[in-house]
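What follows is one structure encoded as structure tokens, with my remarks underneath.
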Amino acid sequence: MASFVRVVRNLLKERRRFAPSSAIRRTVQNGDSQSLYPVVDDNNFTQQTSNKSTQSFSPISTSASYKFRYGRSRTTPVTVRLRKSQAESSIREANAAVDLALNSVVKIFTVSCSPNYLLPWQNKAQRETMGSGFVIGGKKILTNAHVVADHSFVLVRKHGSPTKYRAEVKAVGHECDLAILIVENEEFWDGMNPLEFGDIPFLQEAVAVVGYPQGGDTISVTKGVVSRVEPTQYVHGASQLMAIQIDAAINPGNSGGPAIMGKKVAGVAFQNLSGAENIGYIIPVPVIKHFLSGVEENGKYIGFCSLGLSCQTTENVHLRNHFSLRPDLTGVLVSKINPLSDAYKVLKKDDIILSFDGVPIANDGTVPFRNRERITFDHLVSMKQPNEKAIVRVLRDGQELELNIILQPIQPLVPVHQFDKLPSYYIFAGLVFVPLTQPYLHEYGEDWYNTSPRRLCERALRELPKKANQQLVILSQVLMDETNAGYERLAELQVLKVNGTELDNLQHLCHLVENCNGDSLRFDLEDDRVIVLNYGMAKIATSRILKRHRIPSSMSADLIDAQNNLQFGLTCSR
């Protein structure tokens with residue numbers, strides 16, 4: 001018997017050479033991990049060998065398992081307690097977010113109808129969408145602009161209630177993707193508590209996104225941590241504003257719901273990253289407050305300010321030397337200035353902007369932001385209110401200058417979006433004229449940048465306006481008739497002149513055509529193309545073509561109002 005014990009002990013010593021530690025390896029009976037070798041306790045082994053009734057080794061039950069070779073998991077009592085504590089903390093935070101949101105977060109039901117930009121006298125089919133929102137001070141509901149874009153009817157429902165209440169859209173900011181709703185029915189506000197706004201969360205801080213995502217009808221809480229804070233492209237408004245990236249999934253229906261940190265709102269959920277998992281974005285509190293204060297002061301949404309500049313970084317040493325930028329100075333190079341901005345009167349091309357409101361701008365265009373973080377200086381500009389003055393220090397021809405610029409929201413030559421309004425159009429002799437807009441180009445499909453007319457696309461993205469209220473007027477299509485036969489291939493070209501007069505916008509074209517006194521009417525298009533019509537015959541043909549295509553009017557409502565109220569004082573040359 002003694003020899004048998006010695007043999008077994010020698011085998012144990014040989015196997016312990018490969019064990020992770022000299023401690024006795026144990027295994028949990030629940031199957032979480034399994035030993036590669038038999039589990040033997042020396043003391044227990046001695047006891048068993050002394051007892052002749054025990055003739056086989058059996059695994060010893062215990063509450064701990066240690067890490068095995070080949071990457072096996074290690075779970076110690078301390079780790080178990082830590083994980084349990086973290087899980088309980090996570091549950092408490094989620095429950096706190098739910099408790100806070102139950103009387104604040106609402107589900108929004110929107111019926112919307114978008115216009116058809118290729119047939120601007122028609123609307124597309126009605127569609128129903130759902131989103132989230134939450135109550136803020138002043139008996140208002142805050143949500144995303146894209147939740148109520150092109151709305152025709154909006155309803156809201158609070159948690160635990162079967163009743164839907166009619167809501168009205170008070171203000172919409174499509175640039176920042178925010179909207180304010182109001183509910184007239186006082187019964188809706190019984191028991192509703194407004195949420196308070198907090199601060200921008202730091203990296204790795206936890207937030208809970210509350211809303212009504214797809215996949216269910218009840219309220220949902222998704223927990224995540226802050227991954228990044230930086231200016232980001234807002235998909236809905238195609239603007240560049242500060243956003244917070246989190247690792248929580250933001251699905252359709254979550255839009256407009258609050259992201260709660262502690263007991264305050266850290267942002268509004270609004271979009272996710274296409275093609276990626278668990279990457280969502282929330283609108284931070286500074287952007288929200290800028291929107292709310294603008295609506296409060298002006299009664300409506302005005303917009304976010306812009307310098308109207310296109311700038312280049314000065315990271316190249318030869319570039320800095322060329323513009324006499326000393327080593328102790330940093331900044332960005334002005335390459336293009338919008339003629340409609342106040343900066344057009346103050347700044348010059350090849351100026352180097354050194355600082356904005358006393359904040360130095362680095363050679364890569366960033367400024368300090370919180371602790372060891374940086375952000376593009378455009379954020380400082382966007383946080384300014386309309387008509388607010390900014391102090392800009394520039395380097396011009398080797399000399400430092402301090403200049404004052406009045407900031408304003410600047411509209412692009414080609415509008416990026418046209419939500420909540422009908423498109424403008426004018427039809428004469430079957431020629432359909434419209435202003436160029438990006439929504440018009442979007443009608444060419446998701447890949448509109450490649451499938452839309454190349455020249456129109458380039459103008460839409462790069463060309464700057466030369467005067468206020470300027471539009472690029474295009475001939476979108478030709479509704480065939482014997483009067484316009486032969487001109488059908490001239491569609492999708494820009495209209496430059498009417499009877500020799502350069503166009504300012506579609507309203508100007510309408511005025512020139514309607515007030516023409518000559519026998520013929522001439523349109524000069526790009527590529528030196530020309531359209532000439534007999535004016536009398538063309539007017540008769542217009543009525544015939546409108547009736548044939550069931551078009552209610554030859555011009556949109558805004559042009560009808562302009563014809564009735566405005567006088568340009570222009571005459572059509574004979």
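Labeling convention for the structure tokens: chains A, B, ... as they appear, residues from 1 per chain, ligands from 1 in order of appearance.
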
Name all residues at most 6 Å from region 351-356 of chain A (count only C-alpha atoms; drop same-chain ones fewer than 5 positions away) and give them as a compact mmCIF listing (two decimals) with N, CA and C atoms, in the first residue's frame.
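Below you can see selection.txt, which holds the result:
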# COMPACT_ATOMS: atom_id res chain seq x y z
N THR A 330 0.86 80.19 -34.48
CA THR A 330 0.16 79.11 -35.17
C THR A 330 -1.16 79.64 -35.71
N GLY A 331 -1.70 78.97 -36.72
CA GLY A 331 -2.97 79.39 -37.28
C GLY A 331 -3.31 78.63 -38.54
N VAL A 332 -4.38 79.07 -39.22
CA VAL A 332 -4.84 78.43 -40.45
C VAL A 332 -4.92 79.48 -41.56
N LEU A 333 -4.76 79.03 -42.79
CA LEU A 333 -4.69 79.91 -43.95
C LEU A 333 -6.07 80.05 -44.58
N VAL A 334 -6.49 81.29 -44.83
CA VAL A 334 -7.77 81.57 -45.47
C VAL A 334 -7.62 81.37 -46.97
N ILE A 361 -5.34 79.26 -32.26
CA ILE A 361 -5.69 78.19 -33.18
C ILE A 361 -4.40 77.49 -33.60
N VAL A 392 -11.08 88.44 -34.11
CA VAL A 392 -10.21 87.54 -34.85
C VAL A 392 -8.85 88.20 -35.02
N ARG A 393 -7.81 87.50 -34.60
CA ARG A 393 -6.44 88.01 -34.79
C ARG A 393 -5.83 87.29 -35.99
N VAL A 394 -5.33 88.08 -36.94
CA VAL A 394 -4.82 87.51 -38.19
C VAL A 394 -3.40 88.01 -38.45
N LEU A 395 -2.70 87.27 -39.27
CA LEU A 395 -1.38 87.65 -39.77
C LEU A 395 -1.52 87.96 -41.25
N ARG A 396 -1.26 89.22 -41.61
CA ARG A 396 -1.41 89.65 -43.00
C ARG A 396 -0.12 90.36 -43.44

Residue contacts of Phe134 (chain A) (9 Å, only C-alpha atoms) excluding same-chain residues fewer than 2 positions away, as a ChimeraX atom specification:
/A:101,103-107,132,136,140-143,194-195,211,256-258

Non-local contacts of Gln477 (chain A) (9 Å; only C-alpha atoms; under 6 positions in same chain excluded) as a list of chain:residue names
A:Leu118, A:Gly430, A:Leu431, A:Val432, A:Phe433, A:Glu488, A:Arg489, A:Leu490, A:Ala491, A:Glu492

Store the residues picked out above in a file with all heavy atoms, as an mmCIF file, in the first residue's frame.
data_model
loop_
_atom_site.group_PDB
_atom_site.id
_atom_site.type_symbol
_atom_site.label_atom_id
_atom_site.label_comp_id
_atom_site.auth_asym_id
_atom_site.auth_seq_id
_atom_site.Cartn_x
_atom_site.Cartn_y
_atom_site.Cartn_z
ATOM 1 N N LEU A 118 -38.851 65.898 -58.573
ATOM 2 C CA LEU A 118 -38.860 65.745 -60.027
ATOM 3 C C LEU A 118 -40.207 66.150 -60.614
ATOM 4 O O LEU A 118 -40.288 66.616 -61.750
ATOM 5 C CB LEU A 118 -38.531 64.296 -60.402
ATOM 6 C CG LEU A 118 -37.114 63.821 -60.050
ATOM 7 C CD1 LEU A 118 -36.921 62.375 -60.476
ATOM 8 C CD2 LEU A 118 -36.052 64.713 -60.695
ATOM 9 N N GLY A 430 -44.601 73.933 -71.391
ATOM 10 C CA GLY A 430 -44.089 72.602 -71.119
ATOM 11 C C GLY A 430 -42.668 72.561 -70.599
ATOM 12 O O GLY A 430 -42.145 71.485 -70.293
ATOM 13 N N LEU A 431 -42.014 73.710 -70.506
ATOM 14 C CA LEU A 431 -40.667 73.788 -69.943
ATOM 15 C C LEU A 431 -40.800 73.939 -68.427
ATOM 16 O O LEU A 431 -41.399 74.913 -67.937
ATOM 17 C CB LEU A 431 -39.896 74.968 -70.524
ATOM 18 C CG LEU A 431 -39.821 75.059 -72.058
ATOM 19 C CD1 LEU A 431 -39.059 76.314 -72.474
ATOM 20 C CD2 LEU A 431 -39.186 73.815 -72.651
ATOM 21 N N VAL A 432 -40.246 73.005 -67.683
ATOM 22 C CA VAL A 432 -40.361 73.006 -66.220
ATOM 23 C C VAL A 432 -39.073 73.577 -65.638
ATOM 24 O O VAL A 432 -37.998 72.973 -65.761
ATOM 25 C CB VAL A 432 -40.618 71.591 -65.673
ATOM 26 C CG1 VAL A 432 -40.787 71.637 -64.150
ATOM 27 C CG2 VAL A 432 -41.856 70.979 -66.323
ATOM 28 N N PHE A 433 -39.184 74.740 -64.995
ATOM 29 C CA PHE A 433 -38.029 75.410 -64.389
ATOM 30 C C PHE A 433 -38.100 75.257 -62.870
ATOM 31 O O PHE A 433 -39.160 75.471 -62.267
ATOM 32 C CB PHE A 433 -38.007 76.900 -64.746
ATOM 33 C CG PHE A 433 -37.978 77.170 -66.222
ATOM 34 C CD1 PHE A 433 -39.137 77.513 -66.912
ATOM 35 C CD2 PHE A 433 -36.791 77.084 -66.937
ATOM 36 C CE1 PHE A 433 -39.106 77.770 -68.269
ATOM 37 C CE2 PHE A 433 -36.748 77.328 -68.302
ATOM 38 C CZ PHE A 433 -37.919 77.672 -68.974
ATOM 39 N N GLU A 488 -36.399 68.719 -76.182
ATOM 40 C CA GLU A 488 -36.458 67.757 -75.086
ATOM 41 C C GLU A 488 -35.084 67.331 -74.587
ATOM 42 O O GLU A 488 -34.937 66.887 -73.443
ATOM 43 C CB GLU A 488 -37.271 66.522 -75.491
ATOM 44 C CG GLU A 488 -36.724 65.758 -76.690
ATOM 45 C CD GLU A 488 -37.233 66.293 -78.017
ATOM 46 O OE1 GLU A 488 -37.863 67.375 -78.030
ATOM 47 O OE2 GLU A 488 -36.993 65.635 -79.037
ATOM 48 N N ARG A 489 -34.062 67.452 -75.432
ATOM 49 C CA ARG A 489 -32.724 67.038 -75.021
ATOM 50 C C ARG A 489 -31.963 68.123 -74.268
ATOM 51 O O ARG A 489 -30.810 67.920 -73.902
ATOM 52 C CB ARG A 489 -31.909 66.617 -76.249
ATOM 53 C CG ARG A 489 -32.461 65.381 -76.945
ATOM 54 C CD ARG A 489 -31.559 64.924 -78.068
ATOM 55 N NE ARG A 489 -32.072 63.716 -78.709
ATOM 56 C CZ ARG A 489 -31.481 63.087 -79.714
ATOM 57 N NH1 ARG A 489 -30.328 63.557 -80.195
ATOM 58 N NH2 ARG A 489 -32.014 62.009 -80.233
ATOM 59 N N LEU A 490 -32.599 69.239 -74.055
ATOM 60 C CA LEU A 490 -31.936 70.344 -73.350
ATOM 61 C C LEU A 490 -32.263 70.358 -71.856
ATOM 62 O O LEU A 490 -31.932 71.327 -71.152
ATOM 63 C CB LEU A 490 -32.332 71.681 -73.978
ATOM 64 C CG LEU A 490 -31.979 71.855 -75.460
ATOM 65 C CD1 LEU A 490 -32.399 73.229 -75.958
ATOM 66 C CD2 LEU A 490 -30.487 71.636 -75.687
ATOM 67 N N ALA A 491 -32.906 69.295 -71.372
ATOM 68 C CA ALA A 491 -33.236 69.226 -69.944
ATOM 69 C C ALA A 491 -31.971 69.097 -69.113
ATOM 70 O O ALA A 491 -30.915 68.681 -69.599
ATOM 71 C CB ALA A 491 -34.179 68.062 -69.680
ATOM 72 N N GLU A 492 -32.080 69.478 -67.836
ATOM 73 C CA GLU A 492 -31.008 69.405 -66.837
ATOM 74 C C GLU A 492 -29.863 70.366 -67.131
ATOM 75 O O GLU A 492 -28.729 70.132 -66.731
ATOM 76 C CB GLU A 492 -30.471 67.968 -66.711
ATOM 77 C CG GLU A 492 -31.530 66.977 -66.254
ATOM 78 C CD GLU A 492 -31.020 65.559 -66.225
ATOM 79 O OE1 GLU A 492 -29.972 65.299 -66.866
ATOM 80 O OE2 GLU A 492 -31.650 64.711 -65.580
#

Give me, as a list in words, all polymer residues having an atom no more than 7 Å from Leu521 (chain A), counting only C-alpha atoms and skipping those fewer than 4 positions away in the same chain.
Asn499, Val532, Leu533, Asn534 and Tyr535 of chain A

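Between CA of Cys510 (chain A) and CA of Glu482 (chain A) there is a distance of 22.2 Å.
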
Residues within 9 Å of region 465-470 of chain A, only C-alpha atoms, excluding chain neighbours under 2 positions, as a PyMOL selection string:
chain A and resi 338-340+411-414+463+472+503-506

Helix (DSSP H, G or I) residues, from DSSP on the backbone, in region 403-545 of chain A, as a short mmCIF file (atom, residue, chain, number, x, y, z; two decimals) with N, CA and C atoms, in the first residue's frame:
data_model
loop_
_atom_site.label_atom_id
_atom_site.label_comp_id
_atom_site.auth_asym_id
_atom_site.auth_seq_id
_atom_site.Cartn_x
_atom_site.Cartn_y
_atom_site.Cartn_z
N GLN A 438 -30.15 70.41 -53.31
CA GLN A 438 -29.64 69.06 -53.08
C GLN A 438 -30.76 68.03 -53.00
N PRO A 439 -31.93 68.35 -52.40
CA PRO A 439 -33.03 67.37 -52.45
C PRO A 439 -33.43 67.00 -53.88
N TYR A 440 -33.30 67.94 -54.82
CA TYR A 440 -33.57 67.61 -56.23
C TYR A 440 -32.58 66.56 -56.72
N LEU A 441 -31.30 66.74 -56.37
CA LEU A 441 -30.29 65.77 -56.79
C LEU A 441 -30.48 64.43 -56.08
N HIS A 442 -31.02 64.45 -54.86
CA HIS A 442 -31.24 63.21 -54.12
C HIS A 442 -32.27 62.32 -54.80
N TRP A 448 -26.53 59.47 -55.46
CA TRP A 448 -26.84 60.64 -56.29
C TRP A 448 -25.59 61.39 -56.73
N TYR A 449 -24.52 61.31 -55.92
CA TYR A 449 -23.30 62.03 -56.29
C TYR A 449 -22.74 61.52 -57.62
N ASN A 450 -22.93 60.24 -57.90
CA ASN A 450 -22.41 59.64 -59.13
C ASN A 450 -23.45 59.55 -60.23
N THR A 451 -24.74 59.49 -59.87
CA THR A 451 -25.78 59.29 -60.87
C THR A 451 -26.44 60.59 -61.34
N ARG A 454 -23.35 65.60 -63.60
CA ARG A 454 -22.08 65.93 -62.96
C ARG A 454 -21.92 67.42 -62.72
N ARG A 455 -22.23 68.24 -63.72
CA ARG A 455 -22.01 69.68 -63.55
C ARG A 455 -22.94 70.27 -62.49
N LEU A 456 -24.17 69.80 -62.45
CA LEU A 456 -25.09 70.30 -61.42
C LEU A 456 -24.61 69.89 -60.03
N CYS A 457 -24.10 68.68 -59.93
CA CYS A 457 -23.61 68.20 -58.64
C CYS A 457 -22.41 69.01 -58.17
N GLU A 458 -21.49 69.32 -59.07
CA GLU A 458 -20.30 70.10 -58.71
C GLU A 458 -20.70 71.51 -58.27
N ARG A 459 -21.66 72.10 -58.96
CA ARG A 459 -22.11 73.45 -58.57
C ARG A 459 -22.78 73.41 -57.20
N ALA A 460 -23.56 72.39 -56.97
CA ALA A 460 -24.28 72.29 -55.70
C ALA A 460 -23.33 72.20 -54.52
N LEU A 461 -22.21 71.55 -54.70
CA LEU A 461 -21.30 71.31 -53.58
C LEU A 461 -20.23 72.38 -53.43
N ARG A 462 -19.91 73.10 -54.49
CA ARG A 462 -18.73 73.97 -54.43
C ARG A 462 -18.98 75.44 -54.74
N GLU A 488 -36.40 68.72 -76.18
CA GLU A 488 -36.46 67.76 -75.09
C GLU A 488 -35.08 67.33 -74.59
N ARG A 489 -34.06 67.45 -75.43
CA ARG A 489 -32.72 67.04 -75.02
C ARG A 489 -31.96 68.12 -74.27
N LEU A 490 -32.60 69.24 -74.06
CA LEU A 490 -31.94 70.34 -73.35
C LEU A 490 -32.26 70.36 -71.86
N LEU A 506 -35.46 82.02 -59.52
CA LEU A 506 -36.64 81.53 -60.24
C LEU A 506 -37.74 82.58 -60.25
N GLN A 507 -37.87 83.33 -59.19
CA GLN A 507 -38.88 84.39 -59.14
C GLN A 507 -38.61 85.44 -60.21
N HIS A 508 -37.35 85.74 -60.43
CA HIS A 508 -36.96 86.69 -61.46
C HIS A 508 -37.32 86.16 -62.84
N LEU A 509 -37.06 84.87 -63.09
CA LEU A 509 -37.42 84.27 -64.38
C LEU A 509 -38.93 84.33 -64.61
N CYS A 510 -39.69 84.00 -63.57
CA CYS A 510 -41.16 84.04 -63.68
C CYS A 510 -41.64 85.44 -64.04
N HIS A 511 -41.05 86.44 -63.40
CA HIS A 511 -41.44 87.83 -63.67
C HIS A 511 -41.10 88.23 -65.10
N LEU A 512 -39.94 87.85 -65.58
CA LEU A 512 -39.53 88.20 -66.94
C LEU A 512 -40.43 87.56 -67.98
N VAL A 513 -40.79 86.30 -67.77
CA VAL A 513 -41.64 85.61 -68.75
C VAL A 513 -43.06 86.16 -68.72
N GLU A 514 -43.61 86.33 -67.52
CA GLU A 514 -45.00 86.78 -67.40
C GLU A 514 -45.19 88.21 -67.91
N GLU A 526 -26.78 77.07 -70.44
CA GLU A 526 -25.35 76.77 -70.45
C GLU A 526 -25.00 75.96 -71.70
N ASP A 527 -23.71 75.87 -71.98
CA ASP A 527 -23.22 75.21 -73.20
C ASP A 527 -23.66 75.95 -74.46
N ASP A 528 -24.02 77.24 -74.29
CA ASP A 528 -24.45 78.07 -75.42
C ASP A 528 -25.67 77.51 -76.13
N TYR A 535 -44.21 83.71 -78.25
CA TYR A 535 -44.78 83.96 -76.93
C TYR A 535 -46.29 83.70 -76.89
N GLY A 536 -47.03 84.16 -77.90
CA GLY A 536 -48.48 83.97 -77.91
C GLY A 536 -48.86 82.51 -77.99
N MET A 537 -48.21 81.77 -78.89
CA MET A 537 -48.50 80.35 -79.04
C MET A 537 -48.08 79.56 -77.79
N ALA A 538 -47.00 79.99 -77.17
CA ALA A 538 -46.50 79.29 -75.99
C ALA A 538 -47.46 79.45 -74.81
N LYS A 539 -48.09 80.62 -74.68
CA LYS A 539 -49.05 80.83 -73.59
C LYS A 539 -50.27 79.95 -73.76
N ILE A 540 -50.72 79.82 -75.00
CA ILE A 540 -51.87 78.95 -75.27
C ILE A 540 -51.51 77.49 -74.99
N ALA A 541 -50.29 77.11 -75.40
CA ALA A 541 -49.85 75.73 -75.20
C ALA A 541 -49.70 75.40 -73.72
N THR A 542 -49.38 76.39 -72.91
CA THR A 542 -49.19 76.14 -71.47
C THR A 542 -50.46 75.59 -70.84
N SER A 543 -51.59 76.21 -71.14
CA SER A 543 -52.87 75.74 -70.58
C SER A 543 -53.18 74.33 -71.05
N ARG A 544 -52.92 74.06 -72.33
CA ARG A 544 -53.19 72.74 -72.87
C ARG A 544 -52.32 71.66 -72.20
N ILE A 545 -51.07 71.97 -71.99
CA ILE A 545 -50.14 71.00 -71.38
C ILE A 545 -50.48 70.76 -69.92
#

Which of A:Leu493, A:Cys305, A:Ile246, A:Ile260 sits closest to Gln385 (chain A) [using only C-alpha atoms]:
A:Cys305

From the list A:Thr313, A:Asn321, A:Asn363, A:Ser341, which residue is nearest Asp397 (chain A) when using only C-alpha atoms?
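Selected residue with least distance to Asp397 (chain A): A:Asn321.
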
Residue contacts of region 110-114 of chain A (12 Å, only C-alpha atoms) excluding same-chain residues fewer than 5 positions away, as a PyMOL selection string:
chain A and resi 119-132+143-157+164-169+181+253+417-423+439+443

CA of Gln494 (chain A) to CA of Ile531 (chain A): how many Å, to one decimal?
12.2 Å

Backbone-only DSSP, strand (DSSP E) members of region 489-555 of chain A, as a list of chain:residue names
A:Leu493, A:Gln494, A:Val495, A:Leu496, A:Lys497, A:Val498, A:Thr501, A:Glu502, A:Ser520, A:Leu521, A:Arg522, A:Phe523, A:Asp524, A:Leu525, A:Val530, A:Ile531, A:Val532, A:Leu533, A:Asn534

Skip Ser227 (chain A) itself and residues of its chain fewer than 5 positions away, then list as an MDAnalysis selection string all residues within 10 Å of it, counting only C-alpha atoms.
chainID A and resid 202:206 244:248 279:281

Produce a file of the selected residues containing N, CA and C atoms, as a compact mmCIF listing (two decimals), in the first residue's frame.
# COMPACT_ATOMS: atom_id res chain seq x y z
N PHE A 202 -17.43 63.17 -19.77
CA PHE A 202 -16.03 62.88 -20.10
C PHE A 202 -15.94 61.50 -20.73
N LEU A 203 -14.79 61.23 -21.32
CA LEU A 203 -14.57 59.95 -21.95
C LEU A 203 -14.71 58.82 -20.93
N GLN A 204 -15.34 57.73 -21.36
CA GLN A 204 -15.57 56.53 -20.57
C GLN A 204 -16.63 56.70 -19.47
N GLU A 205 -17.29 57.84 -19.42
CA GLU A 205 -18.41 57.98 -18.49
C GLU A 205 -19.62 57.26 -19.05
N ALA A 206 -20.41 56.66 -18.18
CA ALA A 206 -21.56 55.86 -18.60
C ALA A 206 -22.79 56.74 -18.79
N ILE A 244 -21.47 63.57 -29.53
CA ILE A 244 -20.85 62.63 -28.59
C ILE A 244 -21.06 61.22 -29.12
N GLN A 245 -19.98 60.49 -29.29
CA GLN A 245 -20.07 59.10 -29.74
C GLN A 245 -20.10 58.18 -28.53
N ILE A 246 -21.04 57.25 -28.53
CA ILE A 246 -21.16 56.29 -27.44
C ILE A 246 -21.19 54.88 -28.04
N ASP A 247 -20.93 53.88 -27.20
CA ASP A 247 -20.90 52.51 -27.69
C ASP A 247 -22.23 51.79 -27.47
N ALA A 248 -23.30 52.55 -27.31
CA ALA A 248 -24.64 51.98 -27.20
C ALA A 248 -25.34 52.06 -28.55
N ILE A 279 -22.30 51.71 -32.36
CA ILE A 279 -21.72 53.06 -32.41
C ILE A 279 -22.87 54.03 -32.67
N GLY A 280 -23.21 54.77 -31.65
CA GLY A 280 -24.30 55.74 -31.76
C GLY A 280 -23.81 57.14 -31.41
N TYR A 281 -24.63 58.13 -31.73
CA TYR A 281 -24.27 59.53 -31.49
C TYR A 281 -25.41 60.25 -30.78

Given the choices A:Gly173, A:Gly518, A:Pro213, A:Pro201, which gets closest to Ile108 (chain A) if the distance is worked out from only C-alpha atoms?
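Of A:Gly173, A:Gly518, A:Pro213, A:Pro201, the one nearest Ile108 (chain A), counting only C-alpha atoms, is A:Pro213.
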
Could you tell me which of A:Val135, A:Gly237, A:Leu436, A:Phe428 comes closest to Asp481 (chain A) if we count only C-alpha atoms?
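Distance minimum relative to Asp481 (chain A) lands on A:Phe428.
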